[in-house]
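One file, model_4.csv, is given below (CSV, C-alpha atoms and all ligand atoms).
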chain,number,residue,atom,x,y,z
A,1,MET,CA,0.0,0.0,0.0
A,2,THR,CA,1.2,3.5,-0.7
A,3,ALA,CA,-0.4,6.1,1.5
A,4,ARG,CA,-2.5,9.0,0.3
A,5,VAL,CA,-0.6,12.2,1.0
A,6,ILE,CA,-2.6,14.7,3.1
A,7,ASP,CA,-1.9,18.1,1.5
A,8,GLY,CA,-1.7,20.7,4.3
A,9,VAL,CA,-0.8,23.4,1.8
A,10,ALA,CA,-4.0,23.1,-0.2
A,11,LEU,CA,-6.2,22.7,2.8
A,12,ALA,CA,-4.6,25.7,4.5
A,13,ALA,CA,-5.1,27.8,1.4
A,14,THR,CA,-8.9,27.0,1.4
A,15,ILE,CA,-9.1,27.9,5.1
A,16,ARG,CA,-7.2,31.1,4.5
A,17,GLN,CA,-9.6,32.1,1.8
A,18,ASP,CA,-12.5,31.6,4.2
A,19,VAL,CA,-10.7,33.7,6.8
A,20,ALA,CA,-10.2,36.5,4.2
A,21,MET,CA,-14.0,36.4,3.5
A,22,ARG,CA,-14.9,36.6,7.2
A,23,SER,CA,-12.3,39.3,7.6
A,24,ALA,CA,-13.9,41.4,4.8
A,25,ALA,CA,-17.4,40.8,6.4
A,26,LEU,CA,-16.1,42.1,9.8
A,27,LYS,CA,-14.5,45.1,8.2
A,28,ALA,CA,-17.8,46.0,6.6
A,29,GLN,CA,-19.2,46.0,10.1
A,30,GLY,CA,-16.5,48.4,11.3
A,31,THR,CA,-14.1,45.8,12.9
A,32,GLN,CA,-10.7,44.9,11.3
A,33,PRO,CA,-9.4,41.8,13.0
A,34,GLY,CA,-6.0,42.5,14.6
A,35,LEU,CA,-3.2,40.2,15.8
A,36,ALA,CA,-0.2,41.3,17.8
A,37,VAL,CA,2.8,38.9,17.6
A,38,ILE,CA,5.6,39.5,20.2
A,39,LEU,CA,9.1,38.1,19.7
A,40,VAL,CA,11.7,38.5,22.4
A,41,GLY,CA,15.3,37.8,21.3
A,42,SER,CA,16.7,36.9,17.9
A,43,ASP,CA,16.3,33.1,17.6
A,44,PRO,CA,16.5,32.6,13.8
A,45,ALA,CA,13.8,29.9,13.7
A,46,SER,CA,11.4,32.0,15.8
A,47,GLN,CA,12.0,35.0,13.5
A,48,VAL,CA,11.0,32.9,10.5
A,49,TYR,CA,7.8,31.6,12.2
A,50,VAL,CA,6.8,35.1,13.3
A,51,ARG,CA,7.4,36.6,9.9
A,52,ASN,CA,5.3,33.8,8.3
A,53,LYS,CA,2.5,34.4,10.7
A,54,VAL,CA,2.5,38.2,10.1
A,55,THR,CA,2.6,37.7,6.3
A,56,ALA,CA,-0.3,35.2,6.4
A,57,CYS,CA,-2.3,37.8,8.4
A,58,GLN,CA,-1.7,40.5,5.9
A,59,GLN,CA,-2.6,38.3,3.0
A,60,ALA,CA,-5.9,37.5,4.6
A,61,GLY,CA,-6.8,41.1,5.2
A,62,LEU,CA,-6.1,41.1,9.0
A,63,TYR,CA,-4.3,43.9,10.7
A,64,SER,CA,-1.1,42.6,12.3
A,65,VAL,CA,1.7,44.1,14.4
A,66,MET,CA,5.0,42.5,15.0
A,67,GLU,CA,6.8,43.7,18.1
A,68,GLN,CA,10.3,42.5,18.4
A,69,TYR,CA,12.3,43.2,21.6
A,70,PRO,CA,16.0,42.5,22.5
A,71,VAL,CA,16.8,39.5,24.6
A,72,THR,CA,17.7,41.9,27.4
A,73,MET,CA,14.0,42.9,27.8
A,74,SER,CA,12.9,42.3,31.4
A,75,GLN,CA,9.8,40.2,32.2
A,76,GLN,CA,8.2,43.2,33.8
A,77,GLU,CA,8.6,45.2,30.6
A,78,LEU,CA,7.1,42.3,28.6
A,79,LEU,CA,4.1,42.0,31.0
A,80,ALA,CA,3.5,45.7,30.7
A,81,ARG,CA,3.4,45.4,26.9
A,82,ILE,CA,0.9,42.5,27.2
A,83,GLN,CA,-1.3,44.6,29.6
A,84,ALA,CA,-1.4,47.4,27.0
A,85,LEU,CA,-2.4,45.0,24.2
A,86,ASN,CA,-5.0,43.4,26.4
A,87,VAL,CA,-6.9,46.7,26.5
A,88,ASP,CA,-6.2,47.8,22.9
A,89,PRO,CA,-9.5,47.5,21.0
A,90,ALA,CA,-7.6,47.2,17.6
A,91,ILE,CA,-6.0,43.9,18.8
A,92,HIS,CA,-8.2,40.7,19.1
A,93,GLY,CA,-5.4,38.2,19.3
A,94,ILE,CA,-2.0,38.3,21.2
A,95,LEU,CA,0.7,35.7,20.5
A,96,VAL,CA,4.0,35.6,22.4
A,97,GLN,CA,6.4,33.5,20.4
A,98,LEU,CA,8.0,30.6,22.4
A,99,PRO,CA,10.6,29.8,23.5
A,100,LEU,CA,11.2,32.9,25.7
A,101,PRO,CA,14.7,33.8,27.0
A,102,PRO,CA,15.7,31.7,30.1
A,103,HIS,CA,15.3,34.7,32.5
A,104,MET,CA,11.5,34.7,31.7
A,105,ASP,CA,8.8,32.5,33.1
A,106,ALA,CA,6.7,31.4,30.1
A,107,HIS,CA,3.8,30.4,32.3
A,108,GLN,CA,3.6,33.8,34.0
A,109,VAL,CA,3.8,35.5,30.6
A,110,ILE,CA,1.1,33.4,29.0
A,111,GLU,CA,-1.2,33.8,32.0
A,112,ALA,CA,-0.8,37.6,31.6
A,113,ILE,CA,-2.6,37.5,28.2
A,114,ALA,CA,-6.3,38.1,28.4
A,115,ALA,CA,-7.9,34.7,27.9
A,116,GLU,CA,-10.3,36.1,25.2
A,117,LYS,CA,-7.2,37.3,23.2
A,118,ASP,CA,-5.2,34.1,23.8
A,119,VAL,CA,-5.3,32.9,20.1
A,120,ASP,CA,-2.6,30.3,20.8
A,121,GLY,CA,-5.0,28.7,23.3
A,122,PHE,CA,-2.2,28.2,25.9
A,123,HIS,CA,-3.7,30.2,28.8
A,124,ILE,CA,-4.7,28.0,31.7
A,125,SER,CA,-8.4,28.9,31.5
A,126,ASN,CA,-8.4,28.0,27.8
A,127,ALA,CA,-6.7,24.7,28.6
A,128,GLY,CA,-9.4,24.1,31.2
A,129,LEU,CA,-12.2,25.0,28.9
A,130,LEU,CA,-10.8,22.6,26.3
A,131,MET,CA,-10.5,19.9,28.9
A,132,THR,CA,-14.1,20.3,29.9
A,133,GLY,CA,-15.2,20.1,26.2
A,134,LYS,CA,-16.2,23.8,25.9
A,135,PRO,CA,-13.2,25.3,24.1
A,136,LEU,CA,-12.9,29.0,23.5
A,137,PHE,CA,-9.7,28.6,21.5
A,138,ARG,CA,-8.3,25.3,20.3
A,139,PRO,CA,-4.4,25.4,20.2
A,140,CYS,CA,-3.5,25.9,16.5
A,141,THR,CA,-1.5,22.8,15.8
A,142,PRO,CA,-4.0,20.2,17.2
A,143,TYR,CA,-6.9,22.3,15.7
A,144,GLY,CA,-5.3,22.1,12.3
A,145,ILE,CA,-4.8,18.4,12.6
A,146,MET,CA,-8.5,17.9,13.4
A,147,LYS,CA,-9.3,19.9,10.2
A,148,MET,CA,-7.0,17.6,8.3
A,149,LEU,CA,-8.7,14.5,9.7
A,150,GLU,CA,-12.1,16.0,8.9
A,151,ALA,CA,-11.1,16.9,5.3
A,152,GLU,CA,-9.8,13.3,4.8
A,153,GLN,CA,-13.1,12.0,6.3
A,154,VAL,CA,-11.2,9.9,8.8
A,155,PRO,CA,-13.7,8.3,11.1
A,156,LEU,CA,-13.0,9.4,14.7
A,157,ARG,CA,-15.9,7.9,16.7
A,158,GLY,CA,-14.7,4.7,18.2
A,159,ALA,CA,-11.3,5.0,16.5
A,160,VAL,CA,-8.1,4.0,18.4
A,161,ALA,CA,-5.8,7.0,18.4
A,162,VAL,CA,-2.3,7.2,19.8
A,163,VAL,CA,-0.7,10.6,20.4
A,164,VAL,CA,3.1,10.3,20.8
A,165,GLY,CA,4.2,13.3,22.8
A,166,ALA,CA,2.5,14.9,25.7
A,167,SER,CA,3.4,18.6,25.6
A,168,ASN,CA,0.9,21.3,26.7
A,169,ILE,CA,1.0,22.9,23.3
A,170,VAL,CA,0.6,19.8,21.0
A,171,GLY,CA,0.2,16.4,22.6
A,172,LYS,CA,-2.2,17.0,25.4
A,173,PRO,CA,-4.6,19.3,23.6
A,174,MET,CA,-4.5,16.9,20.6
A,175,ALA,CA,-5.6,14.0,22.8
A,176,MET,CA,-8.4,16.1,24.3
A,177,LEU,CA,-9.8,17.0,20.8
A,178,LEU,CA,-9.6,13.4,19.6
A,179,GLN,CA,-11.2,12.2,22.8
A,180,SER,CA,-14.0,14.8,22.5
A,181,ALA,CA,-14.6,13.6,18.9
A,182,GLY,CA,-15.2,10.1,20.2
A,183,ALA,CA,-11.8,8.4,19.7
A,184,THR,CA,-10.3,6.2,22.4
A,185,VAL,CA,-7.0,7.9,23.0
A,186,THR,CA,-3.6,6.9,24.5
A,187,ILE,CA,-0.9,9.5,25.1
A,188,CYS,CA,2.6,8.2,25.0
A,189,ASN,CA,5.7,10.0,26.4
A,190,SER,CA,9.4,9.3,26.7
A,191,LYS,CA,8.8,6.8,29.5
A,192,THR,CA,6.3,4.7,27.6
A,193,ARG,CA,7.2,1.0,27.6
A,194,ASP,CA,7.0,-0.7,24.2
A,195,LEU,CA,5.9,2.4,22.2
A,196,ALA,CA,5.7,0.3,19.0
A,197,TRP,CA,3.0,-1.9,20.6
A,198,HIS,CA,0.9,1.2,21.2
A,199,THR,CA,1.4,2.8,17.8
A,200,GLY,CA,1.0,-0.6,16.1
A,201,HIS,CA,-2.5,-0.9,17.4
A,202,ALA,CA,-3.7,2.5,16.4
A,203,ASP,CA,-6.0,3.6,13.6
A,204,ILE,CA,-4.7,7.1,14.0
A,205,VAL,CA,-1.1,8.0,15.1
A,206,VAL,CA,-0.1,11.7,15.8
A,207,VAL,CA,3.6,12.1,16.4
A,208,ALA,CA,4.9,15.2,18.2
A,209,THR,CA,8.1,14.3,20.0
A,210,GLY,CA,10.9,16.5,18.5
A,211,ARG,CA,12.8,13.3,17.7
A,212,ALA,CA,13.6,13.0,14.0
A,213,ARG,CA,12.1,10.0,12.1
A,214,MET,CA,11.5,8.1,15.3
A,215,ILE,CA,8.4,6.3,14.1
A,216,ASP,CA,9.0,3.9,11.2
A,217,GLY,CA,6.9,1.6,9.1
A,218,SER,CA,7.4,-1.3,11.4
A,219,MET,CA,5.6,0.6,14.2
A,220,VAL,CA,2.4,1.4,12.3
A,221,LYS,CA,-0.6,-0.7,11.6
A,222,PRO,CA,-1.4,-1.3,7.9
A,223,GLY,CA,-4.0,1.2,6.9
A,224,ALA,CA,-3.5,3.6,9.8
A,225,VAL,CA,-3.6,7.4,9.3
A,226,VAL,CA,-0.3,9.0,10.4
A,227,ILE,CA,0.1,12.7,11.2
A,228,ASP,CA,3.6,14.1,11.6
A,229,VAL,CA,4.0,17.3,13.7
A,230,GLY,CA,7.8,17.3,14.0
A,231,ILE,CA,10.1,19.6,12.0
A,232,HIS,CA,13.8,19.0,11.7
A,233,ARG,CA,16.6,20.1,9.4
A,234,THR,CA,18.7,17.2,8.3
A,235,PRO,CA,22.6,17.6,8.0
A,236,GLU,CA,21.9,17.8,4.2
A,237,GLY,CA,19.7,20.9,4.7
A,238,LYS,CA,16.4,19.1,4.0
A,239,LEU,CA,13.3,19.2,6.2
A,240,CYS,CA,12.0,16.0,7.8
A,241,GLY,CA,9.6,15.1,10.6
A,242,ASP,CA,9.3,12.9,13.6
A,243,VAL,CA,8.0,10.1,11.2
A,244,ASP,CA,10.2,8.1,8.8
A,245,TYR,CA,8.1,9.2,5.8
A,246,GLU,CA,9.5,6.7,3.3
A,247,SER,CA,8.9,3.6,5.3
A,248,VAL,CA,5.6,4.7,6.9
A,249,ARG,CA,4.0,5.7,3.5
A,250,GLN,CA,4.4,2.0,2.5
A,251,VAL,CA,2.1,0.9,5.3
A,252,ALA,CA,-0.3,3.8,6.2
A,253,SER,CA,-3.4,4.6,4.3
A,254,ALA,CA,-2.8,8.4,4.7
A,255,ILE,CA,0.2,10.4,5.9
A,256,SER,CA,0.9,14.1,6.3
A,257,PRO,CA,4.3,15.1,4.8
A,258,VAL,CA,7.0,17.4,6.2
A,259,PRO,CA,7.1,20.0,4.8
A,260,GLY,CA,3.6,20.7,3.5
A,261,GLY,CA,1.5,19.0,6.2
A,262,VAL,CA,0.8,20.2,9.7
A,263,GLY,CA,3.0,23.4,9.5
A,264,PRO,CA,0.8,25.4,7.0
A,265,MET,CA,-2.3,24.3,8.9
A,266,THR,CA,-0.9,25.7,12.2
A,267,ILE,CA,-0.6,29.1,10.7
A,268,ALA,CA,-4.1,28.9,9.0
A,269,MET,CA,-5.7,28.0,12.4
A,270,LEU,CA,-4.0,31.0,14.0
A,271,LEU,CA,-5.8,33.1,11.5
A,272,VAL,CA,-9.1,31.3,12.3
A,273,ASN,CA,-8.6,31.8,16.0
A,274,THR,CA,-8.0,35.5,15.4
A,275,ILE,CA,-11.1,35.8,13.3
A,276,GLU,CA,-13.1,34.0,15.9
A,277,ALA,CA,-11.8,36.4,18.6
A,278,ALA,CA,-12.7,39.4,16.4
A,279,GLU,CA,-16.2,38.0,15.6
A,280,ARG,CA,-16.8,37.6,19.4
A,281,ALA,CA,-15.6,41.1,20.1
A,282,GLN,CA,-17.8,42.5,17.3
A,283,HIS,CA,-20.8,40.5,18.7
A,284,ASN,CA,-20.2,41.9,22.2
A,285,LYS,CA,-19.9,45.4,20.8
A,286,ALA,CA,-23.2,45.0,18.9
A,287,THR,CA,-25.2,43.6,21.9
B,1,LIG,P1,8.1,19.0,23.6
B,1,LIG,O1,9.6,18.9,23.6
B,1,LIG,O2,7.5,20.1,24.4
B,1,LIG,O3,7.5,17.6,24.0
B,1,LIG,C1,7.9,16.5,23.4
B,1,LIG,C2,7.1,15.3,23.9
B,1,LIG,O4,7.5,14.1,23.3
B,1,LIG,C3,7.2,15.1,25.4
B,1,LIG,O5,6.0,14.8,26.0
B,1,LIG,C4,8.2,13.9,25.5
B,1,LIG,O6,8.0,13.0,26.6
B,1,LIG,C5,7.8,13.1,24.2
B,1,LIG,N1,8.9,12.3,23.8
B,1,LIG,C6,10.2,12.6,23.6
B,1,LIG,N2,10.9,11.6,23.2
B,1,LIG,C7,10.1,10.6,23.1
B,1,LIG,C8,10.2,9.2,22.8
B,1,LIG,N3,11.4,8.7,22.4
B,1,LIG,N4,9.1,8.4,22.8
B,1,LIG,C9,7.9,8.9,23.2
B,1,LIG,N5,7.7,10.2,23.5
B,1,LIG,C10,8.8,11.0,23.5
B,1,LIG,O7,7.8,19.2,22.0
B,1,LIG,P2,6.5,20.0,21.3
B,1,LIG,O8,5.3,19.2,21.6
B,1,LIG,O9,6.6,21.4,21.5
B,1,LIG,O10,7.0,19.7,19.8
B,1,LIG,C11,7.2,18.4,19.2
B,1,LIG,C12,7.7,18.6,17.8
B,1,LIG,O11,6.7,19.2,17.0
B,1,LIG,C13,8.9,19.4,17.6
B,1,LIG,O12,9.7,18.8,16.5
B,1,LIG,C14,8.4,20.8,17.2
B,1,LIG,O13,9.4,21.5,16.4
B,1,LIG,C15,7.2,20.4,16.4
B,1,LIG,N6,6.2,21.4,16.3
B,1,LIG,C16,5.7,21.6,15.1
B,1,LIG,C17,4.6,22.5,14.9
B,1,LIG,C18,4.1,22.7,13.5
B,1,LIG,O14,3.3,23.7,13.3
B,1,LIG,N7,4.4,21.9,12.6
B,1,LIG,C19,4.1,23.3,16.0
B,1,LIG,C20,4.6,22.8,17.3
B,1,LIG,C21,5.6,22.0,17.4
B,1,LIG,P3,8.1,13.5,28.2
B,1,LIG,O15,6.9,14.2,28.5
B,1,LIG,O16,8.3,12.2,28.9
B,1,LIG,O17,9.3,14.4,28.2
Do you think you could lay out the structure here as structure tokens?
Amino acid sequence: MTARVIDGVALAATIRQDVAMRSAALKAQGTQPGLAVILVGSDPASQVYVRNKVTACQQAGLYSVMEQYPVTMSQQELLARIQALNVDPAIHGILVQLPLPPHMDAHQVIEAIAAEKDVDGFHISNAGLLMTGKPLFRPCTPYGIMKMLEAEQVPLRGAVAVVVGASNIVGKPMAMLLQSAGATVTICNSKTRDLAWHTGHADIVVVATGRARMIDGSMVKPGAVVIDVGIHRTPEGKLCGDVDYESVRQVASAISPVPGGVGPMTIAMLLVNTIEAAERAQHNKAT
């Protein structure tokens, strides 16, 4: 079997078109959706991510500001900037690019963002709402993966799903969304015994470990759907994921590639979350 390739670029383009239409509709009602992206320091990968997010916003007709600060910025100064954006009516979404410099406490910084502007969905009250099945914002990467599974018409009710990786930003919210959709979910981490047994019994495998090509074809059930969240640069300068694409595509029924899979969807869902925030703000203004 050779797996169907799940085209994240094409799906993201469709979603971004929809965002552009919703953005135009909001503008006609007097609200231009606005996103503020904050970057502290000069990590090259973060600079690329932030630039991509801001460009995507502009292309979809959203207002976006990118605030870049030196690594010497104090946490107090950052918190003051967030407070100002929290009350800025032109800004509906606030994103602080992670990782932050080591002298900052990322938890405290994220908690400072107003929950209704937390378009990354990382604020503790948004994590709680997701956990209780009443999400305000779904974290962008898992949200994008749910859209990919939906577009591929992957049955979720009763499906056996394994999420490899248990971070707060990908693995845990991914498991919550799959569970809410009716899947039976196992979350694996670095201490999991016999990982291949778990992945080998799953209808859906989502891999977000930060370990290049760690899931290979021998660890996947024939016909499974495999979603690869990881992004790595190989010594030859190519991009690869946490999944060994070549061996897994011989076994799976569908697979997301790297690049061109989850990455573009993450950005598209950031735009969706910003539009949703702006639509809620517009609704509150009107009522
Ligand atoms: P974290 O480092 O925060 O978490 C990694 C998780 O993987 C941890 O739960 C860890 O377990 C688990 N893990 C590590 N090694 C193994 C192993 N050998 N077997 C099983 N589990 C293991 O990573 P993130 O969730 O932030 O990111 C994961 C990957 O996804 C990275 O490559 C990142 O670059 C990428 N990413 C891509 C995005 C996109 O848009 N495409 C967005 C976000 C991330 P433990 O809890 O025991 O430590």
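The residues that lie within 10 Å of the point (-8.7, 43.0, 4.8), counting all atoms listed in the file, are Val19, Ala20, Met21, Arg22, Ser23, Ala24, Ala25, Leu26, Lys27, Ala28, Gln32, Pro33, Cys57, Gln58, Gln59, Ala60, Gly61, Leu62 and Tyr63 of chain A.
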Quick one: contact table of chain A to ligand LIG 1 (chain B), 9 Å max, nearest atom pair and distance in Å to one decimal per residue, counting all atoms listed in the file, chain and number order, as CSV?
residue,atom,partner,partner_atom,distance
A:Cys140,CA,B:LIG1,O14,7.8
A:Thr141,CA,B:LIG1,O14,5.5
A:Pro142,CA,B:LIG1,C19,8.8
A:Gly144,CA,B:LIG1,O14,8.8
A:Val163,CA,B:LIG1,N5,9.0
A:Val164,CA,B:LIG1,N5,5.3
A:Gly165,CA,B:LIG1,O4,3.4
A:Ala166,CA,B:LIG1,O5,3.5
A:Ser167,CA,B:LIG1,O8,4.5
A:Asn168,CA,B:LIG1,O8,7.1
A:Ile169,CA,B:LIG1,O8,5.9
A:Val170,CA,B:LIG1,O8,4.8
A:Gly171,CA,B:LIG1,O8,5.9
A:Lys172,CA,B:LIG1,O5,8.5
A:Ile187,CA,B:LIG1,O5,8.7
A:Cys188,CA,B:LIG1,C9,5.6
A:Asn189,CA,B:LIG1,N5,3.5
A:Ser190,CA,B:LIG1,C10,3.7
A:Lys191,CA,B:LIG1,O16,5.5
A:Thr192,CA,B:LIG1,C9,6.3
A:Leu195,CA,B:LIG1,N4,6.8
A:Val207,CA,B:LIG1,O11,7.8
A:Ala208,CA,B:LIG1,C11,4.1
A:Thr209,CA,B:LIG1,O4,3.4
A:Gly210,CA,B:LIG1,O12,3.3
A:Arg211,CA,B:LIG1,N2,6.1
A:Ala212,CA,B:LIG1,O12,7.4
A:Met214,CA,B:LIG1,N3,7.1
A:Ile215,CA,B:LIG1,N4,9.0
A:Asp228,CA,B:LIG1,N7,7.9
A:Val229,CA,B:LIG1,O11,4.7
A:Gly230,CA,B:LIG1,O12,3.5
A:Ile231,CA,B:LIG1,O12,4.6
A:His232,CA,B:LIG1,O12,6.3
A:Gly241,CA,B:LIG1,O12,7.0
A:Asp242,CA,B:LIG1,O12,6.6
A:Val258,CA,B:LIG1,N7,8.2
A:Pro259,CA,B:LIG1,N7,8.5
A:Gly261,CA,B:LIG1,N7,7.6
A:Val262,CA,B:LIG1,N7,4.9
A:Gly263,CA,B:LIG1,N7,3.7
A:Pro264,CA,B:LIG1,O14,7.0
A:Met265,CA,B:LIG1,O14,7.1
A:Thr266,CA,B:LIG1,O14,4.8
A:Ile267,CA,B:LIG1,O14,7.2
- Excluding A:Ser46 and residues on its chain fewer than 3 positions from it, collect all residues at most 12 Å away from it, counting all atoms listed in the file, and give them as a ChimeraX atom specification. /A:37-43,49-53,68,96-101
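If you look at atom CA of A:Gln76 and atom CA of A:Gln108, they are 10.5 Å away from each other.
Taking atom CA of A:Glu77 as the reference point, atom CA of A:Lys117 is found at 19.2 Å.
Atom pair atom CA of A:Ala183 / atom CA of A:Glu276: separated by 25.9 Å.
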- For A:Val5, which residue out of A:Ala45, A:Ile255, A:Ile110, A:Leu136 is the nearest one, using all atoms listed in the file? A:Ile255
- Would you please work out which residue, of A:Asn273, A:Asn86, A:Ala151, A:Lys285, is nearest to A:Pro135 when using only C-alpha atoms? A:Asn273
- Task: Write out as a PyMOL selection string each polymer residue whose atoms come within 9 Å of A:Gln282, counting only C-alpha atoms; drop sequence neighbours fewer than 5 positions from it.
- Result: chain A and resi 26+29-31+277+287
- Message: Report as a PyMOL selection string all protein, DNA and RNA residues lying within 7 Å of A:Asp120, evaluated on all atoms listed in the file, omitting residues in the same chain fewer than 6 positions from it.
- Response: chain A and resi 95+139-140+270
- Compile the contact shell of A:Val226 as a PyMOL selection string: residues with an atom at most 12 Å away, counting only C-alpha atoms, same-chain residues fewer than 4 positions apart removed. chain A and resi 3-6+145+148-149+152+154+161-164+199-200+202-208+215-217+219-222+241-245+247-258+261-262
- Which residue out of A:Ala159, A:Arg213, A:Gly121, A:Gly34 has the minimum interatomic distance to A:Arg233 when all atoms listed in the file are used? A:Arg213
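In terms of minimum interatomic distance to A:Pro89, A:Leu35 ranks closest within A:Phe137, A:Leu35, A:Cys240, A:Met1, counting only C-alpha atoms.
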- Message: At a cut-off of 10 Å, using only C-alpha atoms, what residues contact A:Ser180? Leave out same-chain residues fewer than 4 positions from it and give the result as number ranges by chain.
- Response: A: 130-134, 156-157, 174-176, 184-185
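Between A:Asp118 and the residues A:Asn284, A:Gln17, A:Gln179, A:Thr274, the shortest atom-to-atom distance, using all atoms listed in the file, involves A:Thr274.
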